[in-house]
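Shown next, in structure tokens, is the structure this report addresses.
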Amino acid sequence: MHQGLALDNGQHILIGAYRDTLQLLTTVGVATQDSLWRMPLHLHNLAGHGVSLPQLPAPWNLLAGILSAQGWSWADKFSILRAATLWQRQGFRCDPALTVAEICQALQPRVMKQLIEPLCVSALNLPASQASAQVFLTVLHDAVWTGQGSSDMLLPKVDLGRLMPDAAHAWLSSHGAEVHTHQRVDAIEPWLTHSVLLACPPWEAARLTQSLAPEWSALAAGLVHTAITTVYVRTQQRLGWSYPLLALDENAQAPAQFAFDKGRLSADPAMKGVLALVVSASSTDRDKLSTQVLQQVHDQLGLHDATLITTVVEKRATFACLPALVRPSMQVSKGVFACGDYVAGPYPATLEAAVRSGFAAIEALAQV
Ligand SMILES: Cc1cc2nc3c(=O)[nH]c(=O)nc-3n(C[C@H](O)[C@H](O)[C@H](O)COP(=O)(O)OP(=O)(O)OC[C@H]3O[C@@H](n4cnc5c(N)ncnc54)[C@H](O)[C@@H]3O)c2cc1C
């Protein structure tokens with residue numbers, strides 16, 4: 001709690017293509033239309049520049065979004081349409097060793113800055129110069145090409161704990177499961193290893209499996225992580241944004257990529273005037289980030305009265321989704337499985353990756 005507010009460790013965005021996450025939420029009784037704010041993929045800054053994808057079937061959504069992009073020249077628009085056509089023709093596959101920047105060399109700088117960089121850093125938590133092109137293409141395909149609404153952004157109206165774990169806990173209890181929270185697993189007892197599912201972060205899974213499966217453990221321990229910082233501020237000024245999300249003009253001195261209007265998202269009156277500013281792929285210098293982002297809020301959003309509530313730096317927010325990365329497999333050893341966003345799969349570290357991995361592991365456990 002900060003100033004009486006329940007604030008998440010970070011602001012999450014789901015997208016319409018998060019098929020399994022949305023299914024899971026529905027299964028455990030969450031009314032997603034009430035708990036999530038659905039809006040089109042909207043990457044406009046305060047000046048109105050950027051792309052917004054209308055709710056049309058693919059590829060018309062992309063075509064209409066690109067052709068109507070505000071502040072873009074025809075050269076900008078044609079460069080991304082050409083690239084998207086090529087990626088589609090190649091079945092959204094590329095050499096796994098390539099970075100996003102490498103497959104985007106023909107794009108105009110404005111397209112990189114206002115479309116590819118924000119998409120890449122929010123999905124993979126890495127800048128285009130470092131992120132895996134293959135994983136990026138997979139996310140792009142699922143978001144833009146898999147049916148109407150798949151590219152929509154879904155913003156939680158409640159804190160994440162209430163959105164998912166609380167509902168899951170209640171559902172499990174009502175189905176006869178015993179749920180023990182706030183209890184750390186210290187070790188896996190050898191007699192237990194006929195049917196174990198590790199659903200913890202990779203560094204914990206690595207510690208727990210060190211003697212059981214040294215190679216698997218070393219792979220999990222070797223994953224590099226990148227940080228996400230969320231700066232919460234308060235303003236009394238009126239915002240007047242079209243949506244509760246705004247893209248920001250990121251640069252070395254102004255590191256936040258997105259601003260969220262928590263007051264508009266939440267039904268809690270105490271959230272009025274609260275903004276969450278997200279710095280993906282951030283450094284970990286909390287004080288410097290707080291100062292820079294507050295300045296960015298003053299300069300780019302014109303909110304001169306904004307004051308800092310708190311800054312949350314998640315140092316190991318996601319594993320670094322680097323080109324050709326080898327991720328730990330679902331099976332650790334006989335009877336022992338792992339699930340989580342870091343387990344081998346097509347997606348970067350996201351809620352959807354974690355949920356899909358969980359479903360796959362449960363299926364495998366059922367066969368043991
Ligand atoms: C700041 C931030 C912003 C993000 N934004 C987005 C976003 O916009 N969209 C998106 O899709 N994803 C986002 N993510 C990523 C998303 O949160 C993760 O991919 C997802 O939560 C991973 O789920 P998981 O089940 O793999 O791991 P976790 O959610 O980390 O769950 C692991 C659990 O294991 C528990 N645990 C650890 N050690 C032990 C132990 N020894 N014994 C028992 N329990 C243990 C932990 O307490 C935790 O509850 C964000 C992440 C962060 C940090």
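To be explicit about the labels: the chains of the structure tokens are called A, B, and onward in the order shown, and within each one the residues are counted from 1, while ligands get numbers from 1 in the order they are shown.
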Which residues come within 9 Å of segment 30-47 of chain A, counting only C-alpha atoms, excluding same-chain residues fewer than 2 positions away, as a PyMOL selection string? chain A and resi 14-16+22+24-28+49-55+70+114-115+118-119+149+151-158+163-164+167+241+243-249+258+265+300-301
Same residues, N, CA and C atoms, saved as a compact mmCIF listing (two decimals), in the first residue's frame:
```
# COMPACT_ATOMS: atom_id res chain seq x y z
N LEU A 14 -2.99 -6.91 -21.33
CA LEU A 14 -3.29 -8.17 -22.01
C LEU A 14 -3.72 -7.80 -23.43
N ILE A 15 -3.68 -8.73 -24.34
CA ILE A 15 -4.22 -8.44 -25.67
C ILE A 15 -5.29 -9.49 -26.01
N GLY A 16 -6.09 -9.17 -27.00
CA GLY A 16 -7.19 -10.06 -27.38
C GLY A 16 -6.70 -11.45 -27.76
N LEU A 22 -7.54 -15.61 -21.25
CA LEU A 22 -8.94 -15.17 -21.19
C LEU A 22 -9.84 -16.35 -20.86
N LEU A 24 -8.94 -19.01 -19.13
CA LEU A 24 -8.72 -19.34 -17.71
C LEU A 24 -9.49 -18.39 -16.80
N LEU A 25 -9.43 -17.09 -17.14
CA LEU A 25 -10.16 -16.10 -16.32
C LEU A 25 -11.65 -16.44 -16.30
N THR A 26 -12.18 -16.80 -17.45
CA THR A 26 -13.61 -17.14 -17.53
C THR A 26 -13.89 -18.39 -16.70
N THR A 27 -13.01 -19.40 -16.81
CA THR A 27 -13.22 -20.65 -16.06
C THR A 27 -13.31 -20.39 -14.56
N VAL A 28 -12.42 -19.51 -14.05
CA VAL A 28 -12.43 -19.29 -12.59
C VAL A 28 -13.46 -18.23 -12.17
N HIS A 49 0.00 11.65 -32.78
CA HIS A 49 0.81 10.94 -33.78
C HIS A 49 0.94 9.47 -33.41
N GLY A 50 0.85 8.61 -34.43
CA GLY A 50 1.03 7.18 -34.19
C GLY A 50 -0.05 6.38 -34.86
N VAL A 51 -0.11 5.09 -34.48
CA VAL A 51 -0.99 4.14 -35.15
C VAL A 51 -2.08 3.67 -34.21
N SER A 52 -3.27 3.45 -34.77
CA SER A 52 -4.36 2.85 -34.02
C SER A 52 -5.01 1.83 -34.95
N LEU A 53 -5.18 0.59 -34.50
CA LEU A 53 -5.76 -0.43 -35.39
C LEU A 53 -7.27 -0.54 -35.15
N PRO A 54 -8.07 -0.29 -36.19
CA PRO A 54 -9.52 -0.40 -36.01
C PRO A 54 -9.96 -1.86 -35.88
N GLN A 55 -11.17 -2.08 -35.38
CA GLN A 55 -11.65 -3.46 -35.19
C GLN A 55 -12.20 -4.03 -36.48
N GLN A 70 -1.42 8.83 -38.08
CA GLN A 70 -1.29 10.29 -38.01
C GLN A 70 0.18 10.70 -37.96
N GLN A 114 7.72 4.90 -33.63
CA GLN A 114 6.33 5.01 -33.16
C GLN A 114 5.54 3.70 -33.23
N LEU A 115 6.11 2.67 -33.88
CA LEU A 115 5.37 1.40 -33.94
C LEU A 115 6.21 0.22 -33.44
N PRO A 118 7.91 0.60 -29.63
CA PRO A 118 6.96 0.43 -28.52
C PRO A 118 6.36 -0.96 -28.44
N LEU A 119 6.06 -1.56 -29.61
CA LEU A 119 5.50 -2.92 -29.59
C LEU A 119 6.53 -3.90 -29.05
N GLY A 149 -10.34 -8.53 -33.16
CA GLY A 149 -10.22 -8.29 -31.72
C GLY A 149 -8.94 -8.81 -31.12
N SER A 151 -5.91 -8.00 -31.72
CA SER A 151 -4.92 -6.95 -31.43
C SER A 151 -5.42 -5.97 -30.37
N ASP A 152 -6.66 -6.11 -29.91
CA ASP A 152 -7.16 -5.18 -28.89
C ASP A 152 -6.32 -5.25 -27.63
N MET A 153 -6.23 -4.12 -26.96
CA MET A 153 -5.54 -4.10 -25.67
C MET A 153 -6.58 -4.24 -24.57
N LEU A 154 -6.26 -5.04 -23.56
CA LEU A 154 -7.18 -5.26 -22.43
C LEU A 154 -6.46 -4.82 -21.16
N LEU A 155 -6.95 -3.76 -20.56
CA LEU A 155 -6.27 -3.20 -19.39
C LEU A 155 -7.04 -3.55 -18.12
N PRO A 156 -6.37 -4.17 -17.15
CA PRO A 156 -7.08 -4.53 -15.91
C PRO A 156 -7.66 -3.31 -15.20
N LYS A 157 -8.92 -3.44 -14.77
CA LYS A 157 -9.55 -2.35 -14.02
C LYS A 157 -9.33 -2.53 -12.52
N VAL A 158 -8.91 -3.74 -12.14
CA VAL A 158 -8.64 -4.02 -10.72
C VAL A 158 -7.18 -4.44 -10.61
N LEU A 163 -7.64 -9.65 -9.92
CA LEU A 163 -8.06 -10.12 -11.25
C LEU A 163 -7.96 -11.63 -11.36
N MET A 164 -6.80 -12.18 -10.91
CA MET A 164 -6.60 -13.61 -11.19
C MET A 164 -6.40 -14.49 -9.95
N ALA A 167 -9.44 -15.00 -7.59
CA ALA A 167 -10.52 -15.77 -8.24
C ALA A 167 -10.12 -17.24 -8.38
N TRP A 241 -7.50 12.51 -22.34
CA TRP A 241 -7.00 11.56 -23.33
C TRP A 241 -8.19 10.77 -23.89
N TYR A 243 -8.17 7.56 -24.58
CA TYR A 243 -8.17 6.25 -23.92
C TYR A 243 -7.36 6.36 -22.63
N PRO A 244 -7.49 5.35 -21.74
CA PRO A 244 -6.70 5.44 -20.50
C PRO A 244 -5.22 5.10 -20.69
N LEU A 245 -4.78 5.03 -21.93
CA LEU A 245 -3.37 4.69 -22.23
C LEU A 245 -2.85 5.67 -23.27
N LEU A 246 -1.62 6.14 -23.05
CA LEU A 246 -1.03 7.07 -24.00
C LEU A 246 0.43 6.66 -24.25
N ALA A 247 0.84 6.69 -25.51
CA ALA A 247 2.25 6.41 -25.81
C ALA A 247 3.06 7.68 -25.55
N LEU A 248 4.27 7.51 -25.07
CA LEU A 248 5.13 8.66 -24.78
C LEU A 248 6.32 8.66 -25.74
N ASP A 249 6.95 9.82 -25.90
CA ASP A 249 8.13 9.89 -26.76
C ASP A 249 9.36 9.57 -25.91
N PHE A 258 5.01 4.37 -21.83
CA PHE A 258 3.54 4.46 -21.79
C PHE A 258 3.09 5.10 -20.48
N LEU A 265 -9.27 3.86 -15.17
CA LEU A 265 -9.39 2.40 -15.20
C LEU A 265 -10.09 1.84 -13.97
N GLN A 300 6.20 16.31 -21.29
CA GLN A 300 5.47 15.72 -22.41
C GLN A 300 3.96 15.74 -22.21
N LEU A 301 3.52 15.64 -20.95
CA LEU A 301 2.08 15.60 -20.72
C LEU A 301 1.55 16.94 -20.20
```
Please return as JSON, numbers by chain the residues found within 8 Å of ligand 1, counting only C-alpha atoms and all ligand atoms. {"A": [9, 10, 11, 12, 13, 14, 15, 122, 123, 182, 183, 184, 185, 186, 187, 199, 200, 201, 204, 205, 208, 227, 228, 229, 230, 280, 312, 313, 314, 316, 317, 318, 339, 340, 341, 342, 348, 349, 350, 351, 352, 353, 354, 355, 358]}
Hey, what does DSSP flag as helix (DSSP H, G or I) within segment 279-362 of chain A? Can you give it to me as an MDAnalysis selection string? chainID A and resid 286:301 351:362
Please provide as JSON, numbers by chain all residues within 12 Å of Ala366 of chain A, with the sequence filter that same-chain residues fewer than 5 positions apart are discarded (counting only C-alpha atoms). {"A": [194, 195, 196, 197, 335, 337, 359, 360, 361]}
Residues within 9 Å of Ser150 of chain A, only C-alpha atoms, excluding chain neighbours under 6 positions, as a count of residues only: 8
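Between Leu160 of chain A and the residues A:Ala6, A:Leu107, A:Pro127, A:Ala364, the shortest atom-to-atom distance, using only C-alpha atoms, involves A:Ala6.
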Find the residues of segment 263-330 of chain A that sit at most 9 Å from segment 233-240 of chain A; for each, write down the nearest two atoms and how far apart they are in Å, to one decimal. Count only C-alpha atoms. Sort by chain, then by number going up, and give it as a Markdown table.
```
| residue | atom | partner | partner_atom | distance |
| --- | --- | --- | --- | --- |
| A:Met271 | CA | A:Arg234 | CA | 8.8 |
| A:Lys272 | CA | A:Arg234 | CA | 8.3 |
| A:Gly273 | CA | A:Thr235 | CA | 5.0 |
| A:Val274 | CA | A:Arg234 | CA | 4.5 |
| A:Leu275 | CA | A:Val233 | CA | 5.3 |
| A:Ala276 | CA | A:Val233 | CA | 6.6 |
| A:Leu277 | CA | A:Val233 | CA | 7.9 |
| A:Leu294 | CA | A:Val233 | CA | 7.6 |
| A:Val297 | CA | A:Val233 | CA | 8.8 |
| A:Leu301 | CA | A:Leu239 | CA | 8.6 |
| A:Leu303 | CA | A:Gln237 | CA | 6.6 |
| A:His304 | CA | A:Thr235 | CA | 8.3 |
| A:Asp305 | CA | A:Thr235 | CA | 6.0 |
| A:Ala306 | CA | A:Thr235 | CA | 4.5 |
| A:Thr307 | CA | A:Val233 | CA | 5.4 |
| A:Leu308 | CA | A:Val233 | CA | 4.4 |
| A:Ile309 | CA | A:Val233 | CA | 5.0 |
| A:Thr310 | CA | A:Val233 | CA | 7.1 |
| A:Thr311 | CA | A:Val233 | CA | 8.7 |
```
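Atom to atom, atom CA of Val293 of chain A and atom CA of Phe260 of chain A stand 13.2 Å apart.
Between atom CA of Val224 of chain A and atom CA of Lys315 of chain A lies a distance of 10.9 Å.
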Need to verify the contact set: Cys120 of chain A, 8 Å, only C-alpha atoms, exclusion of same-chain residues closer than 4 positions in sequence. Can you return it as a PyMOL selection string? chain A and resi 100+116+124-128+131+136
Among the residues of segment 253-292 of chain A, find those DSSP assigns to strand (DSSP E) from the backbone and print them as a PyMOL selection string. chain A and resi 258-261+274-282
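Between atom CA of Gln88 of chain A and atom CA of Thr21 of chain A the interatomic distance comes to 25.5 Å.
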